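Enquirer: One structure follows; several queries about it will come next.
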Amino acid sequence: MTLILLNKPYDVLCQFSREGDRAVLADFVPVKGVYPAGRLDRDSEGLVVLTDDGKLQARISDPRHKLEKTYFAQVEGVVSEAALERLRAGVELNDGPTLPAKARGVAAPAWLWPRTPPIRVRKSVPDGWIELGLREGRNRQVRRMCAAVGLPCLRLIRWRVGDWTLEGLAPGEWRQV
């Protein structure tokens, strides 16, 4: 069995097949026969777990197995306790309610790398960071949850999937476990 942890950079499609001139996982991981266990949007960064084991891939991706994923979201606005409480209770989205999330306001992570291109910064609008723990993975869920509580997401980084983290991986780097 092959298991790879990749720090997916911003603006990279979470797939191996090429579509036009966009960067894809194959531009970073030269290993054949592995596939992502779960996806990250093109505009999200961070941990992608790749494996050639179909059962493990399903177990990582399937919310029934309750494998928690941790995200750091830079949001526009002041992170209030009321917004965090709403996230912790579960948020109503257009495709139904989310499960309750672990949510806390945090400082910008010390391990944070600069993003290329940088996020838009507006001097008149404050921003903050939220650490979120989820056990489900709907399409653009963290972004939609943050928006639902009035904190649009500026930058999103997946730090952890289960016991695996980005520890020691710069954007575009990978390691086999």
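Ligands are numbered from 1 in the order shown, chains are lettered A, B, ... in the order of the structure tokens, and residues start at 1 in each chain.
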Could you give me the residues within stretch 2-168 of chain A that DSSP places in alpha helix (DSSP H), as a VMD selection string?

Expert: chain A and resid 54 to 61 81 to 89 141 to 148

Enquirer: Quick one: everything within 12 Å of stretch 145-148 of chain A, counting only C-alpha atoms, minus sequence neighbours fewer than 2 positions away in the same chain. Send it as a VMD selection string.

Expert: chain A and resid 71 to 80 83 to 101 103 128 to 132 134 137 to 143 150 to 156

Enquirer: Keeping N, CA and C atoms, export the residues of the selection given above as a compact mmCIF listing (two decimals), in the first residue's frame.

Expert:
# COMPACT_ATOMS: atom_id res chain seq x y z
N TYR A 71 -9.16 22.47 9.69
CA TYR A 71 -8.92 23.55 8.73
C TYR A 71 -8.60 24.84 9.47
N PHE A 72 -7.79 25.68 8.85
CA PHE A 72 -7.57 27.05 9.32
C PHE A 72 -8.14 27.95 8.24
N ALA A 73 -9.08 28.81 8.64
CA ALA A 73 -9.73 29.71 7.69
C ALA A 73 -9.43 31.16 8.08
N GLN A 74 -8.87 31.90 7.16
CA GLN A 74 -8.73 33.33 7.34
C GLN A 74 -10.02 33.95 6.82
N VAL A 75 -10.70 34.68 7.68
CA VAL A 75 -12.01 35.21 7.33
C VAL A 75 -12.03 36.73 7.38
N GLU A 76 -12.96 37.28 6.63
CA GLU A 76 -13.15 38.72 6.61
C GLU A 76 -14.13 39.08 7.73
N GLY A 77 -13.71 39.96 8.63
CA GLY A 77 -14.55 40.37 9.75
C GLY A 77 -13.94 39.95 11.07
N VAL A 78 -14.58 40.39 12.14
CA VAL A 78 -14.13 40.07 13.49
C VAL A 78 -14.76 38.74 13.90
N VAL A 79 -13.94 37.79 14.33
CA VAL A 79 -14.42 36.48 14.75
C VAL A 79 -15.05 36.63 16.14
N SER A 80 -16.36 36.54 16.20
CA SER A 80 -17.08 36.72 17.46
C SER A 80 -17.42 35.36 18.09
N ALA A 83 -20.56 33.91 16.44
CA ALA A 83 -20.33 33.21 15.17
C ALA A 83 -19.74 31.82 15.44
N LEU A 84 -18.80 31.73 16.38
CA LEU A 84 -18.20 30.43 16.72
C LEU A 84 -19.25 29.48 17.30
N GLU A 85 -20.15 29.99 18.14
CA GLU A 85 -21.21 29.16 18.71
C GLU A 85 -22.12 28.61 17.62
N ARG A 86 -22.41 29.43 16.62
CA ARG A 86 -23.25 28.95 15.50
C ARG A 86 -22.55 27.83 14.75
N LEU A 87 -21.25 27.96 14.53
CA LEU A 87 -20.49 26.90 13.87
C LEU A 87 -20.49 25.63 14.72
N ARG A 88 -20.34 25.80 16.02
CA ARG A 88 -20.31 24.64 16.93
C ARG A 88 -21.66 23.93 16.99
N ALA A 89 -22.74 24.65 16.74
CA ALA A 89 -24.08 24.07 16.79
C ALA A 89 -24.46 23.40 15.47
N GLY A 90 -23.75 23.72 14.40
CA GLY A 90 -24.14 23.28 13.07
C GLY A 90 -24.87 24.41 12.38
N VAL A 91 -24.64 24.54 11.09
CA VAL A 91 -25.16 25.66 10.32
C VAL A 91 -26.10 25.13 9.26
N GLU A 92 -27.18 25.84 9.00
CA GLU A 92 -28.10 25.46 7.94
C GLU A 92 -27.55 25.97 6.60
N LEU A 93 -27.29 25.04 5.68
CA LEU A 93 -26.83 25.39 4.33
C LEU A 93 -27.93 25.03 3.34
N ASN A 94 -27.78 25.43 2.10
CA ASN A 94 -28.83 25.15 1.11
C ASN A 94 -29.02 23.66 0.86
N ASP A 95 -28.05 22.82 1.20
CA ASP A 95 -28.20 21.37 1.05
C ASP A 95 -28.43 20.68 2.39
N GLY A 96 -28.91 21.44 3.38
CA GLY A 96 -29.26 20.87 4.67
C GLY A 96 -28.31 21.31 5.77
N PRO A 97 -28.65 20.94 7.01
CA PRO A 97 -27.81 21.35 8.15
C PRO A 97 -26.49 20.59 8.18
N THR A 98 -25.45 21.26 8.67
CA THR A 98 -24.16 20.60 8.85
C THR A 98 -24.13 19.95 10.22
N LEU A 99 -23.23 19.03 10.40
CA LEU A 99 -22.98 18.50 11.73
C LEU A 99 -22.30 19.59 12.55
N PRO A 100 -22.40 19.55 13.86
CA PRO A 100 -21.66 20.52 14.67
C PRO A 100 -20.16 20.43 14.39
N ALA A 101 -19.50 21.57 14.41
CA ALA A 101 -18.06 21.63 14.16
C ALA A 101 -17.34 22.04 15.44
N ALA A 103 -14.91 24.65 16.73
CA ALA A 103 -14.57 25.96 16.19
C ALA A 103 -13.99 26.84 17.28
N GLY A 128 -9.69 37.82 10.54
CA GLY A 128 -9.30 36.96 11.66
C GLY A 128 -9.16 35.53 11.18
N TRP A 129 -8.81 34.65 12.10
CA TRP A 129 -8.60 33.24 11.79
C TRP A 129 -9.49 32.37 12.66
N ILE A 130 -9.99 31.29 12.07
CA ILE A 130 -10.78 30.29 12.78
C ILE A 130 -10.14 28.93 12.53
N GLU A 131 -10.04 28.13 13.59
CA GLU A 131 -9.65 26.72 13.45
C GLU A 131 -10.94 25.91 13.53
N LEU A 132 -11.19 25.10 12.50
CA LEU A 132 -12.42 24.31 12.42
C LEU A 132 -12.10 22.83 12.32
N LEU A 134 -14.01 19.32 11.35
CA LEU A 134 -15.22 18.77 10.74
C LEU A 134 -15.11 17.27 10.57
N GLY A 137 -17.60 16.30 4.74
CA GLY A 137 -16.83 17.03 3.73
C GLY A 137 -17.65 17.35 2.50
N ARG A 138 -18.62 18.21 2.66
CA ARG A 138 -19.43 18.60 1.50
C ARG A 138 -18.66 19.60 0.63
N ASN A 139 -19.17 19.79 -0.57
CA ASN A 139 -18.55 20.71 -1.51
C ASN A 139 -18.46 22.11 -0.91
N ARG A 140 -17.24 22.64 -0.83
CA ARG A 140 -16.96 23.99 -0.33
C ARG A 140 -17.61 24.25 1.04
N GLN A 141 -17.68 23.22 1.87
CA GLN A 141 -18.41 23.30 3.13
C GLN A 141 -17.87 24.35 4.09
N VAL A 142 -16.56 24.39 4.31
CA VAL A 142 -16.01 25.35 5.27
C VAL A 142 -16.30 26.77 4.79
N ARG A 143 -16.09 27.03 3.52
CA ARG A 143 -16.38 28.37 2.98
C ARG A 143 -17.84 28.73 3.16
N GLY A 150 -21.59 34.98 8.60
CA GLY A 150 -21.17 36.36 8.34
C GLY A 150 -19.68 36.60 8.28
N LEU A 151 -18.90 35.53 8.05
CA LEU A 151 -17.44 35.66 7.99
C LEU A 151 -16.93 35.04 6.68
N PRO A 152 -17.00 35.78 5.58
CA PRO A 152 -16.53 35.21 4.30
C PRO A 152 -15.07 34.77 4.39
N CYS A 153 -14.80 33.64 3.78
CA CYS A 153 -13.47 33.02 3.84
C CYS A 153 -12.55 33.66 2.80
N LEU A 154 -11.40 34.14 3.26
CA LEU A 154 -10.39 34.72 2.38
C LEU A 154 -9.33 33.69 1.97
N ARG A 155 -9.01 32.81 2.89
CA ARG A 155 -7.97 31.80 2.67
C ARG A 155 -8.34 30.57 3.48
N LEU A 156 -8.15 29.39 2.89
CA LEU A 156 -8.52 28.16 3.57
C LEU A 156 -7.40 27.13 3.42

Enquirer: Quick one, how far is atom CA of A:Met1 from atom CA of A:Pro30?

Expert: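 About the pair atom CA of A:Met1 and atom CA of A:Pro30: they are 16.1 Å apart.
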
Enquirer: Applying 7 Å and only C-alpha atoms, which residues near stretch 39-51 of chain A remain after dropping the ones on its own chain fewer than 3 positions away? List them as a PDB file with all heavy atoms, in the first residue's frame.

Expert:
ATOM      1  N   THR A   2       0.490   2.234  -0.787  1.00  0.00           N
ATOM      2  CA  THR A   2       1.187   3.508  -0.848  1.00  0.00           C
ATOM      3  C   THR A   2       0.306   4.570  -0.205  1.00  0.00           C
ATOM      4  O   THR A   2      -0.888   4.648  -0.492  1.00  0.00           O
ATOM      5  CB  THR A   2       1.480   3.901  -2.316  1.00  0.00           C
ATOM      6  OG1 THR A   2       2.237   2.856  -2.924  1.00  0.00           O
ATOM      7  CG2 THR A   2       2.244   5.200  -2.395  1.00  0.00           C
ATOM      8  N   LEU A   3       0.917   5.397   0.664  1.00  0.00           N
ATOM      9  CA  LEU A   3       0.199   6.494   1.310  1.00  0.00           C
ATOM     10  C   LEU A   3       1.105   7.722   1.252  1.00  0.00           C
ATOM     11  O   LEU A   3       2.240   7.687   1.730  1.00  0.00           O
ATOM     12  CB  LEU A   3      -0.130   6.157   2.762  1.00  0.00           C
ATOM     13  CG  LEU A   3      -0.973   7.195   3.491  1.00  0.00           C
ATOM     14  CD1 LEU A   3      -2.391   7.213   2.960  1.00  0.00           C
ATOM     15  CD2 LEU A   3      -0.985   6.905   4.969  1.00  0.00           C
ATOM     16  N   ILE A   4       0.590   8.782   0.632  1.00  0.00           N
ATOM     17  CA  ILE A   4       1.370  10.006   0.417  1.00  0.00           C
ATOM     18  C   ILE A   4       0.624  11.189   1.003  1.00  0.00           C
ATOM     19  O   ILE A   4      -0.598  11.308   0.834  1.00  0.00           O
ATOM     20  CB  ILE A   4       1.627  10.214  -1.092  1.00  0.00           C
ATOM     21  CG1 ILE A   4       2.566   9.118  -1.609  1.00  0.00           C
ATOM     22  CG2 ILE A   4       2.194  11.607  -1.365  1.00  0.00           C
ATOM     23  CD1 ILE A   4       2.746   9.110  -3.107  1.00  0.00           C
ATOM     24  N   LEU A   5       1.355  12.073   1.674  1.00  0.00           N
ATOM     25  CA  LEU A   5       0.811  13.335   2.172  1.00  0.00           C
ATOM     26  C   LEU A   5       1.386  14.443   1.306  1.00  0.00           C
ATOM     27  O   LEU A   5       2.601  14.545   1.150  1.00  0.00           O
ATOM     28  CB  LEU A   5       1.209  13.557   3.634  1.00  0.00           C
ATOM     29  CG  LEU A   5       0.866  12.438   4.611  1.00  0.00           C
ATOM     30  CD1 LEU A   5       1.328  12.817   6.019  1.00  0.00           C
ATOM     31  CD2 LEU A   5      -0.615  12.112   4.587  1.00  0.00           C
ATOM     32  N   LEU A   6       0.510  15.267   0.743  1.00  0.00           N
ATOM     33  CA  LEU A   6       0.907  16.369  -0.133  1.00  0.00           C
ATOM     34  C   LEU A   6       0.374  17.675   0.435  1.00  0.00           C
ATOM     35  O   LEU A   6      -0.782  17.736   0.854  1.00  0.00           O
ATOM     36  CB  LEU A   6       0.333  16.164  -1.545  1.00  0.00           C
ATOM     37  CG  LEU A   6       0.380  17.374  -2.494  1.00  0.00           C
ATOM     38  CD1 LEU A   6       1.817  17.705  -2.899  1.00  0.00           C
ATOM     39  CD2 LEU A   6      -0.483  17.129  -3.720  1.00  0.00           C
ATOM     40  N   ASN A   7       1.198  18.713   0.414  1.00  0.00           N
ATOM     41  CA  ASN A   7       0.730  20.059   0.740  1.00  0.00           C
ATOM     42  C   ASN A   7       0.349  20.700  -0.599  1.00  0.00           C
ATOM     43  O   ASN A   7       1.196  21.202  -1.329  1.00  0.00           O
ATOM     44  CB  ASN A   7       1.804  20.878   1.452  1.00  0.00           C
ATOM     45  CG  ASN A   7       1.282  22.222   1.907  1.00  0.00           C
ATOM     46  OD1 ASN A   7       0.213  22.668   1.511  1.00  0.00           O
ATOM     47  ND2 ASN A   7       2.052  22.879   2.756  1.00  0.00           N
ATOM     48  N   LYS A   8      -0.947  20.641  -0.927  1.00  0.00           N
ATOM     49  CA  LYS A   8      -1.436  21.163  -2.199  1.00  0.00           C
ATOM     50  C   LYS A   8      -1.388  22.686  -2.194  1.00  0.00           C
ATOM     51  O   LYS A   8      -1.978  23.318  -1.352  1.00  0.00           O
ATOM     52  CB  LYS A   8      -2.877  20.708  -2.464  1.00  0.00           C
ATOM     53  CG  LYS A   8      -3.380  21.126  -3.855  1.00  0.00           C
ATOM     54  CD  LYS A   8      -4.855  20.885  -4.023  1.00  0.00           C
ATOM     55  CE  LYS A   8      -5.717  22.038  -3.617  1.00  0.00           C
ATOM     56  NZ  LYS A   8      -5.514  23.318  -4.284  1.00  0.00           N
ATOM     57  N   PRO A   9      -0.667  23.268  -3.151  1.00  0.00           N
ATOM     58  CA  PRO A   9      -0.626  24.729  -3.224  1.00  0.00           C
ATOM     59  C   PRO A   9      -1.953  25.314  -3.728  1.00  0.00           C
ATOM     60  O   PRO A   9      -2.784  24.615  -4.320  1.00  0.00           O
ATOM     61  CB  PRO A   9       0.490  25.014  -4.233  1.00  0.00           C
ATOM     62  CG  PRO A   9       1.246  23.737  -4.375  1.00  0.00           C
ATOM     63  CD  PRO A   9       0.264  22.644  -4.091  1.00  0.00           C
ATOM     64  N   TYR A  10      -2.101  26.591  -3.527  1.00  0.00           N
ATOM     65  CA  TYR A  10      -3.224  27.352  -4.067  1.00  0.00           C
ATOM     66  C   TYR A  10      -3.217  27.252  -5.596  1.00  0.00           C
ATOM     67  O   TYR A  10      -2.154  27.166  -6.213  1.00  0.00           O
ATOM     68  CB  TYR A  10      -3.074  28.819  -3.636  1.00  0.00           C
ATOM     69  CG  TYR A  10      -4.106  29.751  -4.224  1.00  0.00           C
ATOM     70  CD1 TYR A  10      -5.368  29.832  -3.662  1.00  0.00           C
ATOM     71  CD2 TYR A  10      -3.823  30.521  -5.333  1.00  0.00           C
ATOM     72  CE1 TYR A  10      -6.333  30.682  -4.187  1.00  0.00           C
ATOM     73  CE2 TYR A  10      -4.768  31.376  -5.876  1.00  0.00           C
ATOM     74  CZ  TYR A  10      -6.024  31.449  -5.301  1.00  0.00           C
ATOM     75  OH  TYR A  10      -6.967  32.282  -5.834  1.00  0.00           O
ATOM     76  N   ASP A  11      -4.390  27.217  -6.203  1.00  0.00           N
ATOM     77  CA  ASP A  11      -4.581  27.230  -7.654  1.00  0.00           C
ATOM     78  C   ASP A  11      -4.136  25.942  -8.339  1.00  0.00           C
ATOM     79  O   ASP A  11      -3.792  25.947  -9.514  1.00  0.00           O
ATOM     80  CB  ASP A  11      -3.885  28.448  -8.295  1.00  0.00           C
ATOM     81  CG  ASP A  11      -4.496  28.819  -9.645  1.00  0.00           C
ATOM     82  OD1 ASP A  11      -5.681  28.500  -9.865  1.00  0.00           O
ATOM     83  OD2 ASP A  11      -3.789  29.404 -10.480  1.00  0.00           O
ATOM     84  N   VAL A  12      -4.170  24.833  -7.601  1.00  0.00           N
ATOM     85  CA  VAL A  12      -3.863  23.527  -8.173  1.00  0.00           C
ATOM     86  C   VAL A  12      -5.136  22.694  -8.111  1.00  0.00           C
ATOM     87  O   VAL A  12      -5.791  22.635  -7.067  1.00  0.00           O
ATOM     88  CB  VAL A  12      -2.724  22.826  -7.394  1.00  0.00           C
ATOM     89  CG1 VAL A  12      -2.540  21.390  -7.860  1.00  0.00           C
ATOM     90  CG2 VAL A  12      -1.432  23.617  -7.521  1.00  0.00           C
ATOM     91  N   LEU A  13      -5.497  22.060  -9.250  1.00  0.00           N
ATOM     92  CA  LEU A  13      -6.669  21.195  -9.266  1.00  0.00           C
ATOM     93  C   LEU A  13      -6.342  19.893  -8.538  1.00  0.00           C
ATOM     94  O   LEU A  13      -5.270  19.329  -8.722  1.00  0.00           O
ATOM     95  CB  LEU A  13      -7.095  20.887 -10.708  1.00  0.00           C
ATOM     96  CG  LEU A  13      -7.587  22.076 -11.534  1.00  0.00           C
ATOM     97  CD1 LEU A  13      -7.866  21.637 -12.971  1.00  0.00           C
ATOM     98  CD2 LEU A  13      -8.822  22.692 -10.915  1.00  0.00           C
ATOM     99  N   CYS A  14      -7.280  19.414  -7.742  1.00  0.00           N
ATOM    100  CA  CYS A  14      -7.078  18.212  -6.934  1.00  0.00           C
ATOM    101  C   CYS A  14      -7.415  16.965  -7.755  1.00  0.00           C
ATOM    102  O   CYS A  14      -8.314  16.201  -7.422  1.00  0.00           O
ATOM    103  CB  CYS A  14      -7.931  18.301  -5.665  1.00  0.00           C
ATOM    104  SG  CYS A  14      -7.329  17.235  -4.359  1.00  0.00           S
ATOM    105  N   VAL A  34      -1.794   6.405  -7.551  1.00  0.00           N
ATOM    106  CA  VAL A  34      -2.378   6.913  -6.303  1.00  0.00           C
ATOM    107  C   VAL A  34      -3.462   7.935  -6.654  1.00  0.00           C
ATOM    108  O   VAL A  34      -3.411   8.584  -7.704  1.00  0.00           O
ATOM    109  CB  VAL A  34      -1.324   7.554  -5.365  1.00  0.00           C
ATOM    110  CG1 VAL A  34      -0.350   6.504  -4.861  1.00  0.00           C
ATOM    111  CG2 VAL A  34      -0.601   8.713  -6.023  1.00  0.00           C
ATOM    112  N   TYR A  35      -4.438   8.039  -5.756  1.00  0.00           N
ATOM    113  CA  TYR A  35      -5.568   8.940  -5.972  1.00  0.00           C
ATOM    114  C   TYR A  35      -5.878   9.683  -4.679  1.00  0.00           C
ATOM    115  O   TYR A  35      -5.640   9.164  -3.590  1.00  0.00           O
ATOM    116  CB  TYR A  35      -6.802   8.140  -6.424  1.00  0.00           C
ATOM    117  CG  TYR A  35      -6.535   7.415  -7.720  1.00  0.00           C
ATOM    118  CD1 TYR A  35      -6.082   6.096  -7.713  1.00  0.00           C
ATOM    119  CD2 TYR A  35      -6.676   8.070  -8.935  1.00  0.00           C
ATOM    120  CE1 TYR A  35      -5.790   5.436  -8.892  1.00  0.00           C
ATOM    121  CE2 TYR A  35      -6.393   7.413 -10.133  1.00  0.00           C
ATOM    122  CZ  TYR A  35      -5.958   6.104 -10.100  1.00  0.00           C
ATOM    123  OH  TYR A  35      -5.653   5.468 -11.271  1.00  0.00           O
ATOM    124  N   PRO A  36      -6.433  10.898  -4.789  1.00  0.00           N
ATOM    125  CA  PRO A  36      -6.748  11.657  -3.575  1.00  0.00           C
ATOM    126  C   PRO A  36      -7.911  11.029  -2.809  1.00  0.00           C
ATOM    127  O   PRO A  36      -8.894  10.609  -3.406  1.00  0.00           O
ATOM    128  CB  PRO A  36      -7.114  13.049  -4.092  1.00  0.00           C
ATOM    129  CG  PRO A  36      -7.396  12.899  -5.543  1.00  0.00           C
ATOM    130  CD  PRO A  36      -6.713  11.652  -6.009  1.00  0.00           C
ATOM    131  N   GLN A  57      -8.971   4.755   0.854  1.00  0.00           N
ATOM    132  CA  GLN A  57      -9.456   5.984   0.234  1.00  0.00           C
ATOM    133  C   GLN A  57     -10.923   6.221   0.615  1.00  0.00           C
ATOM    134  O   GLN A  57     -11.297   7.323   1.010  1.00  0.00           O
ATOM    135  CB  GLN A  57      -9.308   5.876  -1.284  1.00  0.00           C
ATOM    136  CG  GLN A  57      -9.700   7.124  -2.041  1.00  0.00           C
ATOM    137  CD  GLN A  57      -9.580   6.936  -3.545  1.00  0.00           C
ATOM    138  OE1 GLN A  57      -9.575   5.812  -4.048  1.00  0.00           O
ATOM    139  NE2 GLN A  57      -9.498   8.030  -4.257  1.00  0.00           N
ATOM    140  N   ARG A 155      -9.007  32.808   2.894  1.00  0.00           N
ATOM    141  CA  ARG A 155      -7.969  31.803   2.668  1.00  0.00           C
ATOM    142  C   ARG A 155      -8.340  30.567   3.477  1.00  0.00           C
ATOM    143  O   ARG A 155      -8.786  30.687   4.614  1.00  0.00           O
ATOM    144  CB  ARG A 155      -6.617  32.354   3.117  1.00  0.00           C
ATOM    145  CG  ARG A 155      -5.455  31.445   2.775  1.00  0.00           C
ATOM    146  CD  ARG A 155      -4.124  32.084   3.105  1.00  0.00           C
ATOM    147  NE  ARG A 155      -3.043  31.192   2.703  1.00  0.00           N
ATOM    148  CZ  ARG A 155      -1.774  31.384   3.000  1.00  0.00           C
ATOM    149  NH1 ARG A 155      -1.408  32.457   3.680  1.00  0.00           N
ATOM    150  NH2 ARG A 155      -0.849  30.530   2.601  1.00  0.00           N
ATOM    151  N   LEU A 156      -8.148  29.390   2.889  1.00  0.00           N
ATOM    152  CA  LEU A 156      -8.515  28.156   3.569  1.00  0.00           C
ATOM    153  C   LEU A 156      -7.404  27.133   3.417  1.00  0.00           C
ATOM    154  O   LEU A 156      -6.962  26.846   2.297  1.00  0.00           O
ATOM    155  CB  LEU A 156      -9.819  27.604   2.988  1.00  0.00           C
ATOM    156  CG  LEU A 156     -10.368  26.345   3.642  1.00  0.00           C
ATOM    157  CD1 LEU A 156     -10.643  26.566   5.128  1.00  0.00           C
ATOM    158  CD2 LEU A 156     -11.633  25.899   2.931  1.00  0.00           C
ATOM    159  N   ILE A 157      -6.961  26.596   4.561  1.00  0.00           N
ATOM    160  CA  ILE A 157      -5.869  25.620   4.586  1.00  0.00           C
ATOM    161  C   ILE A 157      -6.306  24.406   5.399  1.00  0.00           C
ATOM    162  O   ILE A 157      -6.713  24.542   6.561  1.00  0.00           O
ATOM    163  CB  ILE A 157      -4.605  26.222   5.225  1.00  0.00           C
ATOM    164  CG1 ILE A 157      -4.173  27.466   4.448  1.00  0.00           C
ATOM    165  CG2 ILE A 157      -3.481  25.197   5.294  1.00  0.00           C
ATOM    166  CD1 ILE A 157      -3.200  28.340   5.189  1.00  0.00           C
ATOM    167  N   ARG A 158      -6.230  23.206   4.790  1.00  0.00           N
ATOM    168  CA  ARG A 158      -6.501  21.980   5.553  1.00  0.00           C
ATOM    169  C   ARG A 158      -5.180  21.558   6.194  1.00  0.00           C
ATOM    170  O   ARG A 158      -4.191  21.310   5.501  1.00  0.00           O
ATOM    171  CB  ARG A 158      -7.056  20.874   4.664  1.00  0.00           C
ATOM    172  CG  ARG A 158      -7.373  19.623   5.483  1.00  0.00           C
ATOM    173  CD  ARG A 158      -8.314  18.671   4.799  1.00  0.00           C
ATOM    174  NE  ARG A 158      -7.810  18.238   3.513  1.00  0.00           N
ATOM    175  CZ  ARG A 158      -8.583  17.693   2.576  1.00  0.00           C
ATOM    176  NH1 ARG A 158      -9.871  17.545   2.757  1.00  0.00           N
ATOM    177  NH2 ARG A 158      -8.045  17.311   1.432  1.00  0.00           N
ATOM    178  N   TRP A 159      -5.168  21.495   7.514  1.00  0.00           N
ATOM    179  CA  TRP A 159      -3.965  21.168   8.274  1.00  0.00           C
ATOM    180  C   TRP A 159      -3.870  19.682   8.590  1.00  0.00           C
ATOM    181  O   TRP A 159      -2.789  19.093   8.585  1.00  0.00           O
ATOM    182  CB  TRP A 159      -3.936  21.978   9.573  1.00  0.00           C
ATOM    183  CG  TRP A 159      -2.890  21.520  10.529  1.00  0.00           C
ATOM    184  CD1 TRP A 159      -3.061  20.792  11.673  1.00  0.00           C
ATOM    185  CD2 TRP A 159      -1.469  21.725  10.427  1.00  0.00           C
ATOM    186  NE1 TRP A 159      -1.853  20.529  12.277  1.00  0.00           N
ATOM    187  CE2 TRP A 159      -0.861  21.103  11.526  1.00  0.00           C
ATOM    188  CE3 TRP A 159      -0.663  22.382   9.501  1.00  0.00           C
ATOM    189  CZ2 TRP A 159       0.511  21.117  11.727  1.00  0.00           C
ATOM    190  CZ3 TRP A 159       0.701  22.380   9.707  1.00  0.00           C
ATOM    191  CH2 TRP A 159       1.270  21.759  10.812  1.00  0.00           C
ATOM    192  N   ARG A 160      -5.008  19.057   8.868  1.00  0.00           N
ATOM    193  CA  ARG A 160      -4.979  17.689   9.389  1.00  0.00           C
ATOM    194  C   ARG A 160      -6.113  16.860   8.796  1.00  0.00           C
ATOM    195  O   ARG A 160      -7.217  17.356   8.598  1.00  0.00           O
ATOM    196  CB  ARG A 160      -5.115  17.722  10.913  1.00  0.00           C
ATOM    197  CG  ARG A 160      -4.978  16.387  11.602  1.00  0.00           C
ATOM    198  CD  ARG A 160      -4.957  16.529  13.123  1.00  0.00           C
ATOM    199  NE  ARG A 160      -6.183  17.040  13.671  1.00  0.00           N
ATOM    200  CZ  ARG A 160      -7.236  16.291  13.988  1.00  0.00           C
ATOM    201  NH1 ARG A 160      -7.202  14.990  13.799  1.00  0.00           N
ATOM    202  NH2 ARG A 160      -8.312  16.839  14.491  1.00  0.00           N
ATOM    203  N   THR A 165      -0.798  15.209   9.442  1.00  0.00           N
ATOM    204  CA  THR A 165      -0.785  16.671   9.371  1.00  0.00           C
ATOM    205  C   THR A 165       0.193  17.136   8.290  1.00  0.00           C
ATOM    206  O   THR A 165       0.950  16.342   7.733  1.00  0.00           O
ATOM    207  CB  THR A 165      -0.358  17.322  10.703  1.00  0.00           C
ATOM    208  OG1 THR A 165       1.039  17.088  10.909  1.00  0.00           O
ATOM    209  CG2 THR A 165      -1.175  16.810  11.881  1.00  0.00           C
ATOM    210  N   LEU A 166       0.177  18.439   8.092  1.00  0.00           N
ATOM    211  CA  LEU A 166       1.103  19.080   7.150  1.00  0.00           C
ATOM    212  C   LEU A 166       2.487  19.311   7.746  1.00  0.00           C
ATOM    213  O   LEU A 166       3.351  19.835   7.048  1.00  0.00           O
ATOM    214  CB  LEU A 166       0.562  20.468   6.765  1.00  0.00           C
ATOM    215  CG  LEU A 166      -0.502  20.546   5.717  1.00  0.00           C
ATOM    216  CD1 LEU A 166      -0.887  21.992   5.491  1.00  0.00           C
ATOM    217  CD2 LEU A 166      -0.030  19.928   4.432  1.00  0.00           C
TER     218      LEU A 166
END

Enquirer: Pick out each residue of chain A that DSSP on the backbone tags as strand (DSSP E or B); I need them as a VMD selection string.

Expert: chain A and resid 3 to 8 12 to 13 23 to 24 35 to 36 45 to 51 69 to 76 92 to 93 96 to 97 102 to 106 127 to 134 153 to 161 164 to 165 174 to 176

Enquirer: Find the residue from A:Val31, A:Pro114, A:Arg135, A:Arg175 that sits nearest to A:Asp62; use only C-alpha atoms when measuring.

Expert: A:Arg135

Enquirer: Between A:Val125, A:Ala108, A:Leu169, A:Ala37, single out the one closest to A:Pro63, counting only C-alpha atoms.

Expert: A:Ala37

Enquirer: Between atom CA of A:Ser61 and atom CA of A:Val161, what distance in Å does the model show, to one decimal?

Expert: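 One can read the atom CA of A:Ser61 to atom CA of A:Val161 distance as 9.8 Å.
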